[in-house]
$ cat structure12.cif   # mmCIF, C-alpha atoms
data_data
#
loop_
_atom_site.group_PDB
_atom_site.id
_atom_site.type_symbol
_atom_site.label_atom_id
_atom_site.label_comp_id
_atom_site.auth_asym_id
_atom_site.auth_seq_id
_atom_site.Cartn_x
_atom_site.Cartn_y
_atom_site.Cartn_z
ATOM 1 C CA MET O 1 66.787 -72.541 4.299
ATOM 2 C CA THR O 2 69.658 -75.021 4.603
ATOM 3 C CA THR O 3 73.134 -73.766 3.705
ATOM 4 C CA ARG O 4 75.677 -76.081 2.112
ATOM 5 C CA ARG O 5 78.816 -76.168 0.006
ATOM 6 C CA ILE O 6 78.139 -77.130 -3.626
ATOM 7 C CA SER O 7 80.510 -77.979 -6.482
ATOM 8 C CA VAL O 8 79.019 -76.315 -9.547
ATOM 9 C CA PHE O 9 78.958 -77.019 -13.269
ATOM 10 C CA PRO O 10 78.306 -73.701 -15.091
ATOM 11 C CA LEU O 11 76.642 -74.461 -18.436
ATOM 12 C CA THR O 12 74.860 -71.915 -20.609
ATOM 13 C CA GLY O 13 71.374 -72.912 -21.723
ATOM 14 C CA ALA O 14 71.152 -75.955 -19.435
ATOM 15 C CA ILE O 15 68.785 -75.996 -16.469
ATOM 16 C CA ILE O 16 67.290 -78.793 -14.412
ATOM 17 C CA PHE O 17 64.361 -78.912 -11.995
ATOM 18 C CA PRO O 18 63.805 -81.153 -8.966
ATOM 19 C CA SER O 19 62.699 -84.679 -9.997
ATOM 20 C CA MET O 20 63.630 -84.051 -13.651
ATOM 21 C CA GLN O 21 66.549 -85.639 -15.509
ATOM 22 C CA LEU O 22 69.320 -84.172 -17.644
ATOM 23 C CA PRO O 23 71.855 -86.198 -19.693
ATOM 24 C CA LEU O 24 75.335 -84.680 -20.063
ATOM 25 C CA HIS O 25 78.564 -85.600 -21.809
ATOM 26 C CA ILE O 26 81.537 -84.551 -19.669
ATOM 27 C CA PHE O 27 84.784 -83.944 -21.532
ATOM 28 C CA GLU O 28 86.554 -80.859 -20.103
ATOM 29 C CA PRO O 29 89.292 -81.828 -17.592
ATOM 30 C CA ARG O 30 87.942 -79.617 -14.796
ATOM 31 C CA TYR O 31 84.468 -81.147 -15.090
ATOM 32 C CA ARG O 32 85.918 -84.645 -15.275
ATOM 33 C CA ASP O 33 87.514 -83.722 -11.947
ATOM 34 C CA LEU O 34 84.159 -82.510 -10.663
ATOM 35 C CA VAL O 35 82.383 -85.743 -11.598
ATOM 36 C CA SER O 36 85.190 -87.880 -10.160
ATOM 37 C CA ASP O 37 85.097 -85.915 -6.897
ATOM 38 C CA SER O 38 81.301 -86.076 -6.770
ATOM 39 C CA LEU O 39 81.254 -89.841 -7.286
ATOM 40 C CA ALA O 40 83.727 -90.249 -4.427
ATOM 41 C CA ARG O 41 81.545 -88.139 -2.136
ATOM 42 C CA ASP O 42 77.752 -87.846 -2.347
ATOM 43 C CA ARG O 43 77.200 -87.809 -6.159
ATOM 44 C CA SER O 44 75.977 -84.184 -5.967
ATOM 45 C CA VAL O 45 76.509 -81.538 -8.657
ATOM 46 C CA GLY O 46 75.158 -77.998 -8.798
ATOM 47 C CA MET O 47 73.900 -76.990 -12.243
ATOM 48 C CA ILE O 48 74.011 -73.230 -12.776
ATOM 49 C CA GLN O 49 74.245 -70.873 -15.732
ATOM 50 C CA PRO O 50 77.170 -68.477 -16.222
ATOM 51 C CA LYS O 51 76.394 -64.864 -17.096
ATOM 52 C CA GLY O 52 79.040 -64.666 -19.800
ATOM 53 C CA GLN O 53 81.895 -66.393 -21.579
ATOM 54 C CA GLY O 54 85.481 -67.041 -20.549
ATOM 55 C CA ASN O 55 87.200 -69.198 -17.976
ATOM 56 C CA GLN O 56 85.633 -67.712 -14.839
ATOM 57 C CA PRO O 57 82.480 -65.755 -15.751
ATOM 58 C CA PRO O 58 80.090 -64.538 -13.056
ATOM 59 C CA LEU O 59 77.306 -66.950 -12.149
ATOM 60 C CA PHE O 60 73.570 -66.410 -11.993
ATOM 61 C CA ASN O 61 72.248 -66.401 -8.468
ATOM 62 C CA VAL O 62 69.927 -69.423 -8.787
ATOM 63 C CA GLY O 63 70.805 -72.977 -9.784
ATOM 64 C CA CYS O 64 69.653 -76.503 -8.976
ATOM 65 C CA LEU O 65 71.379 -79.197 -6.972
ATOM 66 C CA ALA O 66 71.343 -82.527 -8.805
ATOM 67 C CA ARG O 67 72.442 -86.089 -8.127
ATOM 68 C CA ILE O 68 74.376 -88.271 -10.554
ATOM 69 C CA GLN O 69 71.773 -90.954 -11.154
ATOM 70 C CA ASP O 70 73.677 -92.934 -13.780
ATOM 71 C CA VAL O 71 77.251 -92.777 -15.060
ATOM 72 C CA GLU O 72 79.269 -94.288 -17.894
ATOM 73 C CA ALA O 73 83.023 -93.851 -17.475
ATOM 74 C CA LEU O 74 84.794 -93.895 -20.846
ATOM 75 C CA GLU O 75 88.338 -95.183 -21.336
ATOM 76 C CA ASP O 76 89.751 -91.755 -22.222
ATOM 77 C CA GLY O 77 88.511 -90.152 -19.003
ATOM 78 C CA ARG O 78 85.263 -88.688 -20.318
ATOM 79 C CA TYR O 79 81.900 -89.428 -18.718
ATOM 80 C CA ASN O 80 78.323 -89.792 -19.866
ATOM 81 C CA ILE O 81 76.071 -89.005 -16.915
ATOM 82 C CA ILE O 82 72.391 -88.591 -16.169
ATOM 83 C CA LEU O 83 71.525 -86.070 -13.499
ATOM 84 C CA GLU O 84 68.335 -86.017 -11.461
ATOM 85 C CA GLY O 85 67.321 -82.677 -10.003
ATOM 86 C CA VAL O 86 67.066 -82.494 -6.222
ATOM 87 C CA GLN O 87 66.531 -78.916 -5.020
ATOM 88 C CA ARG O 88 66.975 -75.375 -6.271
ATOM 89 C CA PHE O 89 69.433 -73.112 -4.498
ATOM 90 C CA SER O 90 70.511 -69.486 -4.239
ATOM 91 C CA VAL O 91 74.209 -68.656 -4.229
ATOM 92 C CA VAL O 92 75.389 -66.908 -1.068
ATOM 93 C CA LYS O 93 78.979 -66.524 -2.236
ATOM 94 C CA GLU O 94 81.583 -68.226 -4.390
ATOM 95 C CA LEU O 95 84.295 -69.948 -2.385
ATOM 96 C CA ASN O 96 88.038 -69.563 -2.808
ATOM 97 C CA VAL O 97 89.128 -73.132 -3.577
ATOM 98 C CA THR O 98 92.128 -75.026 -4.894
ATOM 99 C CA THR O 99 90.073 -77.475 -6.951
ATOM 100 C CA SER O 100 89.953 -77.113 -10.734
ATOM 101 C CA PHE O 101 86.160 -76.755 -10.548
ATOM 102 C CA ARG O 102 84.234 -73.960 -8.860
ATOM 103 C CA GLN O 103 82.409 -74.233 -5.539
ATOM 104 C CA VAL O 104 79.817 -72.035 -3.875
ATOM 105 C CA GLU O 105 78.143 -71.603 -0.548
ATOM 106 C CA ALA O 106 74.443 -71.844 -1.269
ATOM 107 C CA GLU O 107 71.061 -71.812 0.448
ATOM 108 C CA LEU O 108 68.776 -74.670 -0.594
ATOM 109 C CA TRP O 109 65.207 -73.616 -1.305
ATOM 110 C CA ASP O 110 62.496 -74.933 0.983
ATOM 111 C CA GLU O 111 60.100 -75.999 -1.753
ATOM 112 C CA ASP O 112 57.749 -78.769 -2.821
ATOM 113 C CA GLU O 113 56.060 -78.127 -6.159
ATOM 114 C CA ALA O 114 55.571 -81.783 -7.079
ATOM 115 C CA ASN O 115 51.958 -81.746 -5.904
ATOM 116 C CA ASP O 116 51.114 -78.370 -7.449
ATOM 117 C CA THR O 117 48.435 -78.415 -10.131
ATOM 118 C CA LEU O 118 47.307 -76.055 -12.877
ATOM 119 C CA SER O 119 43.775 -74.891 -13.403
ATOM 120 C CA LEU O 120 41.956 -76.400 -16.407
ATOM 121 C CA ALA O 121 42.430 -73.104 -18.248
ATOM 122 C CA GLU O 122 46.157 -72.999 -17.482
ATOM 123 C CA ARG O 123 46.633 -76.599 -18.604
ATOM 124 C CA ALA O 124 44.713 -75.980 -21.824
ATOM 125 C CA SER O 125 46.680 -72.794 -22.507
ATOM 126 C CA ILE O 126 50.104 -74.395 -22.205
ATOM 127 C CA GLU O 127 49.085 -77.433 -24.283
ATOM 128 C CA ILE O 128 47.589 -75.284 -27.063
ATOM 129 C CA GLU O 129 50.552 -72.920 -27.167
ATOM 130 C CA SER O 130 52.988 -75.839 -27.131
ATOM 131 C CA ARG O 131 51.283 -77.364 -30.177
ATOM 132 C CA ARG O 132 51.426 -74.062 -32.035
ATOM 133 C CA PHE O 133 55.053 -73.543 -31.152
ATOM 134 C CA ALA O 134 56.091 -77.081 -32.082
ATOM 135 C CA GLU O 135 54.274 -76.943 -35.404
ATOM 136 C CA ALA O 136 55.808 -73.562 -36.239
ATOM 137 C CA GLN O 137 59.287 -74.916 -35.501
ATOM 138 C CA GLY O 138 58.721 -78.197 -37.331
ATOM 139 C CA TYR O 139 59.077 -80.395 -34.232
ATOM 140 C CA SER O 140 57.587 -83.888 -34.127
ATOM 141 C CA VAL O 141 55.866 -84.478 -30.787
ATOM 142 C CA ASP O 142 53.922 -87.422 -29.352
ATOM 143 C CA TRP O 143 50.984 -85.399 -28.098
ATOM 144 C CA THR O 144 49.228 -88.466 -26.693
ATOM 145 C CA ALA O 145 52.161 -89.010 -24.357
ATOM 146 C CA VAL O 146 52.285 -85.304 -23.534
ATOM 147 C CA SER O 147 48.613 -85.272 -22.560
ATOM 148 C CA GLN O 148 49.262 -88.043 -20.030
ATOM 149 C CA LEU O 149 51.937 -86.105 -18.132
ATOM 150 C CA ASP O 150 50.989 -84.591 -14.787
ATOM 151 C CA ASP O 151 51.115 -80.797 -14.586
ATOM 152 C CA TYR O 152 54.445 -80.699 -12.749
ATOM 153 C CA SER O 153 56.231 -82.943 -15.237
ATOM 154 C CA LEU O 154 54.717 -81.175 -18.240
ATOM 155 C CA VAL O 155 55.665 -77.667 -17.183
ATOM 156 C CA ASN O 156 59.193 -78.496 -16.070
ATOM 157 C CA ALA O 157 59.938 -80.738 -19.055
ATOM 158 C CA ILE O 158 58.995 -77.902 -21.411
ATOM 159 C CA ALA O 159 61.053 -75.438 -19.354
ATOM 160 C CA GLN O 160 64.117 -77.696 -19.660
ATOM 161 C CA ILE O 161 63.971 -78.607 -23.346
ATOM 162 C CA ALA O 162 62.376 -75.594 -25.047
ATOM 163 C CA PRO O 163 64.940 -73.765 -27.249
ATOM 164 C CA PHE O 164 64.756 -70.416 -25.473
ATOM 165 C CA ASP O 165 67.816 -68.250 -24.867
ATOM 166 C CA PHE O 166 69.774 -68.431 -21.621
ATOM 167 C CA ALA O 167 68.020 -65.440 -20.041
ATOM 168 C CA ALA O 168 64.601 -66.981 -20.661
ATOM 169 C CA LYS O 169 65.821 -70.298 -19.274
ATOM 170 C CA GLN O 170 66.993 -68.523 -16.133
ATOM 171 C CA ALA O 171 63.644 -66.779 -15.712
ATOM 172 C CA LEU O 172 61.924 -70.167 -15.834
ATOM 173 C CA LEU O 173 64.332 -71.645 -13.293
ATOM 174 C CA GLU O 174 63.763 -68.754 -10.907
ATOM 175 C CA ALA O 175 59.960 -68.737 -11.249
ATOM 176 C CA ARG O 176 58.374 -69.790 -7.975
ATOM 177 C CA GLY O 177 55.173 -71.763 -8.331
ATOM 178 C CA LEU O 178 53.984 -73.969 -11.158
ATOM 179 C CA SER O 179 51.314 -71.545 -12.370
ATOM 180 C CA ASP O 180 53.779 -68.678 -12.723
ATOM 181 C CA ARG O 181 56.221 -70.911 -14.630
ATOM 182 C CA ALA O 182 53.471 -72.183 -16.933
ATOM 183 C CA ASP O 183 52.366 -68.624 -17.657
ATOM 184 C CA THR O 184 55.963 -67.594 -18.369
ATOM 185 C CA ILE O 185 56.354 -70.520 -20.784
ATOM 186 C CA VAL O 186 53.237 -69.484 -22.685
ATOM 187 C CA GLN O 187 54.496 -65.897 -22.959
ATOM 188 C CA LEU O 188 57.938 -67.064 -24.104
ATOM 189 C CA MET O 189 56.481 -69.360 -26.760
ATOM 190 C CA GLN O 190 54.367 -66.510 -28.069
ATOM 191 C CA PHE O 191 57.399 -64.210 -28.101
ATOM 192 C CA PHE O 192 59.994 -66.571 -29.554
ATOM 193 C CA GLY O 193 57.610 -68.177 -31.997
ATOM 194 C CA ARG O 194 56.169 -65.039 -33.558
ATOM 195 C CA HIS O 195 56.975 -63.904 -37.114
ATOM 196 C CA ASP O 196 57.740 -67.516 -38.017
ATOM 197 C CA GLY O 197 58.968 -67.757 -41.589
ATOM 198 C CA SER O 198 59.553 -64.036 -41.986
ATOM 199 C CA GLU O 199 62.825 -62.169 -42.229
ATOM 200 C CA ASP O 200 62.386 -60.523 -38.844
ATOM 201 C CA ARG O 201 61.556 -63.753 -37.060
ATOM 202 C CA VAL O 202 62.752 -63.917 -33.497
ATOM 203 C CA THR O 203 65.600 -66.403 -33.482
ATOM 204 C CA LEU O 204 66.025 -69.213 -30.969
ATOM 205 C CA GLN O 205 69.273 -70.026 -29.208
#
$ encode --input "structure12.cif" --output "structure tokens"
Amino acid sequence: MTTRRISVFPLTGAIIFPSMQLPLHIFEPRYRDLVSDSLARDRSVGMIQPKGQGNQPPLFNVGCLARIQDVEALEDGRYNIILEGVQRFSVVKELNVTTSFRQVEAELWDEDEANDTLSLAERASIEIESRRFAEAQGYSVDWTAVSQLDDYSLVNAIAQIAPFDFAAKQALLEARGLSDRADTIVQLMQFFGRHDGSEDRVTLQ
């Protein structure tokens, strides 16, 4: 594994995978500073989830390094950015810094899932469960477009946008291997989507 210093953006419920994109609106002063610093350096940002609330909550151990692919600088100092995932990482330690934003020492994962494929049964399972889940939640989905996605894009797109809670999102981010992540998604959809319409329905965050 390669070790490097990463400026991190802790954001609950937001994950990104390598090769995937994530749009963000940046308005807090410390994260404006982060984006400004990143643009002046290598355009890198580490997306990671915090474990709680407050100004300096502990961080989960796994995040994903991303690159600022596109940026719109607004007149009042805010930014609209689009991130593209580069590589997942594990936090070694948080660094003592003077910047307004947090920085960590992290080990980049040695991984390449882009060419991974699902079995026919796994692909069918995730597509069927996704349809059930979307219909139960009242989502409108272009299933023709979905069916044309490769396995890698399908699994990671669902992992990023599905309305699971932060702990479920983290489990998906930490899952190694496309098959394991696809299986976890199916289980989560079955769990979060059950009892739909009833008083004891599992709620989504």
$ residues_around --input "structure12.cif" --residues "segment 159-161 of chain O" --least-positions-apart "6" --cutoff "8 Å" --atoms "only C-alpha atoms" --output "PDB file with C-alpha atoms, in the coordinates of the input"
ATOM      1  CA  ALA O  14      71.152 -75.955 -19.435  1.00  0.00           C
ATOM      2  CA  ILE O  15      68.785 -75.996 -16.469  1.00  0.00           C
ATOM      3  CA  ILE O  16      67.290 -78.793 -14.412  1.00  0.00           C
ATOM      4  CA  PHE O  17      64.361 -78.912 -11.995  1.00  0.00           C
ATOM      5  CA  LYS O 169      65.821 -70.298 -19.274  1.00  0.00           C
ATOM      6  CA  LEU O 172      61.924 -70.167 -15.834  1.00  0.00           C
ATOM      7  CA  LEU O 173      64.332 -71.645 -13.293  1.00  0.00           C
ATOM      8  CA  ILE O 185      56.354 -70.520 -20.784  1.00  0.00           C
TER       9      ILE O 185
END
$ residues_around --input "structure12.cif" --residues "Arg5 of chain O" --least-positions-apart "5" --cutoff "7 Å" --atoms "all atoms listed in the file" --output "ChimeraX atom specification"
/O:103-106
$ write_last_selection --input "structure12.cif" --atoms "C-alpha atoms" --output "short mmCIF file (atom, residue, chain, number, x, y, z; two decimals), in the frame of the given file"
data_model
loop_
_atom_site.label_atom_id
_atom_site.label_comp_id
_atom_site.auth_asym_id
_atom_site.auth_seq_id
_atom_site.Cartn_x
_atom_site.Cartn_y
_atom_site.Cartn_z
CA GLN O 103 82.41 -74.23 -5.54
CA VAL O 104 79.82 -72.04 -3.88
CA GLU O 105 78.14 -71.60 -0.55
CA ALA O 106 74.44 -71.84 -1.27
#
$ closest_residue --input "structure12.cif" --among "O:Tyr31, O:Tyr139, O:Phe166, O:Trp109" --to "Thr2 of chain O" --atoms "all atoms listed in the file"
O:Trp109
$ resolve_selection --input "structure12.cif" --expression "the PyMOL selection byres ((chain O and resi 68) around 6)" --output "NGL selection string"
:O and (43 or 67 or 69-70 or 82-83)
$ residues_around --input "structure12.cif" --residues "segment 44-58 of chain O" --least-positions-apart "6" --cutoff "8 Å" --atoms "all atoms listed in the file" --output "MDAnalysis selection string"
chainID O and resid 6:16 34:35 38 64:68 166 170
$ build_atoms --input "structure12.cif" --residues "segment 36-49 of chain O" --atoms "N, CA and C atoms" --output "PDB file, keeping the file's coordinate frame"
ATOM      1  N   SER O  36      84.412 -86.914 -10.937  1.00  0.00           N
ATOM      2  CA  SER O  36      85.190 -87.880 -10.160  1.00  0.00           C
ATOM      3  C   SER O  36      85.085 -87.591  -8.666  1.00  0.00           C
ATOM      4  N   ASP O  37      85.204 -86.314  -8.307  1.00  0.00           N
ATOM      5  CA  ASP O  37      85.097 -85.915  -6.897  1.00  0.00           C
ATOM      6  C   ASP O  37      83.691 -86.183  -6.370  1.00  0.00           C
ATOM      7  N   SER O  38      82.691 -85.872  -7.181  1.00  0.00           N
ATOM      8  CA  SER O  38      81.301 -86.076  -6.770  1.00  0.00           C
ATOM      9  C   SER O  38      81.000 -87.551  -6.534  1.00  0.00           C
ATOM     10  N   LEU O  39      81.502 -88.404  -7.431  1.00  0.00           N
ATOM     11  CA  LEU O  39      81.254 -89.841  -7.286  1.00  0.00           C
ATOM     12  C   LEU O  39      81.912 -90.398  -6.022  1.00  0.00           C
ATOM     13  N   ALA O  40      83.025 -89.798  -5.629  1.00  0.00           N
ATOM     14  CA  ALA O  40      83.727 -90.249  -4.427  1.00  0.00           C
ATOM     15  C   ALA O  40      83.078 -89.721  -3.152  1.00  0.00           C
ATOM     16  N   ARG O  41      82.199 -88.740  -3.301  1.00  0.00           N
ATOM     17  CA  ARG O  41      81.545 -88.139  -2.136  1.00  0.00           C
ATOM     18  C   ARG O  41      80.064 -88.530  -2.084  1.00  0.00           C
ATOM     19  N   ASP O  42      79.196 -87.601  -2.478  1.00  0.00           N
ATOM     20  CA  ASP O  42      77.752 -87.846  -2.347  1.00  0.00           C
ATOM     21  C   ASP O  42      77.015 -87.809  -3.677  1.00  0.00           C
ATOM     22  N   ARG O  43      77.758 -87.805  -4.797  1.00  0.00           N
ATOM     23  CA  ARG O  43      77.200 -87.809  -6.159  1.00  0.00           C
ATOM     24  C   ARG O  43      76.431 -86.523  -6.493  1.00  0.00           C
ATOM     25  N   SER O  44      76.691 -85.443  -5.756  1.00  0.00           N
ATOM     26  CA  SER O  44      75.977 -84.184  -5.967  1.00  0.00           C
ATOM     27  C   SER O  44      76.734 -83.243  -6.896  1.00  0.00           C
ATOM     28  N   VAL O  45      75.975 -82.549  -7.744  1.00  0.00           N
ATOM     29  CA  VAL O  45      76.509 -81.538  -8.657  1.00  0.00           C
ATOM     30  C   VAL O  45      75.525 -80.375  -8.686  1.00  0.00           C
ATOM     31  N   GLY O  46      76.029 -79.164  -8.683  1.00  0.00           N
ATOM     32  CA  GLY O  46      75.158 -77.998  -8.798  1.00  0.00           C
ATOM     33  C   GLY O  46      75.161 -77.477 -10.224  1.00  0.00           C
ATOM     34  N   MET O  47      74.020 -77.543 -10.894  1.00  0.00           N
ATOM     35  CA  MET O  47      73.900 -76.990 -12.243  1.00  0.00           C
ATOM     36  C   MET O  47      73.511 -75.520 -12.136  1.00  0.00           C
ATOM     37  N   ILE O  48      74.263 -74.666 -12.830  1.00  0.00           N
ATOM     38  CA  ILE O  48      74.011 -73.230 -12.776  1.00  0.00           C
ATOM     39  C   ILE O  48      74.480 -72.608 -14.080  1.00  0.00           C
ATOM     40  N   GLN O  49      73.850 -71.531 -14.492  1.00  0.00           N
ATOM     41  CA  GLN O  49      74.245 -70.873 -15.732  1.00  0.00           C
ATOM     42  C   GLN O  49      75.254 -69.750 -15.462  1.00  0.00           C
TER      43      GLN O  49
END
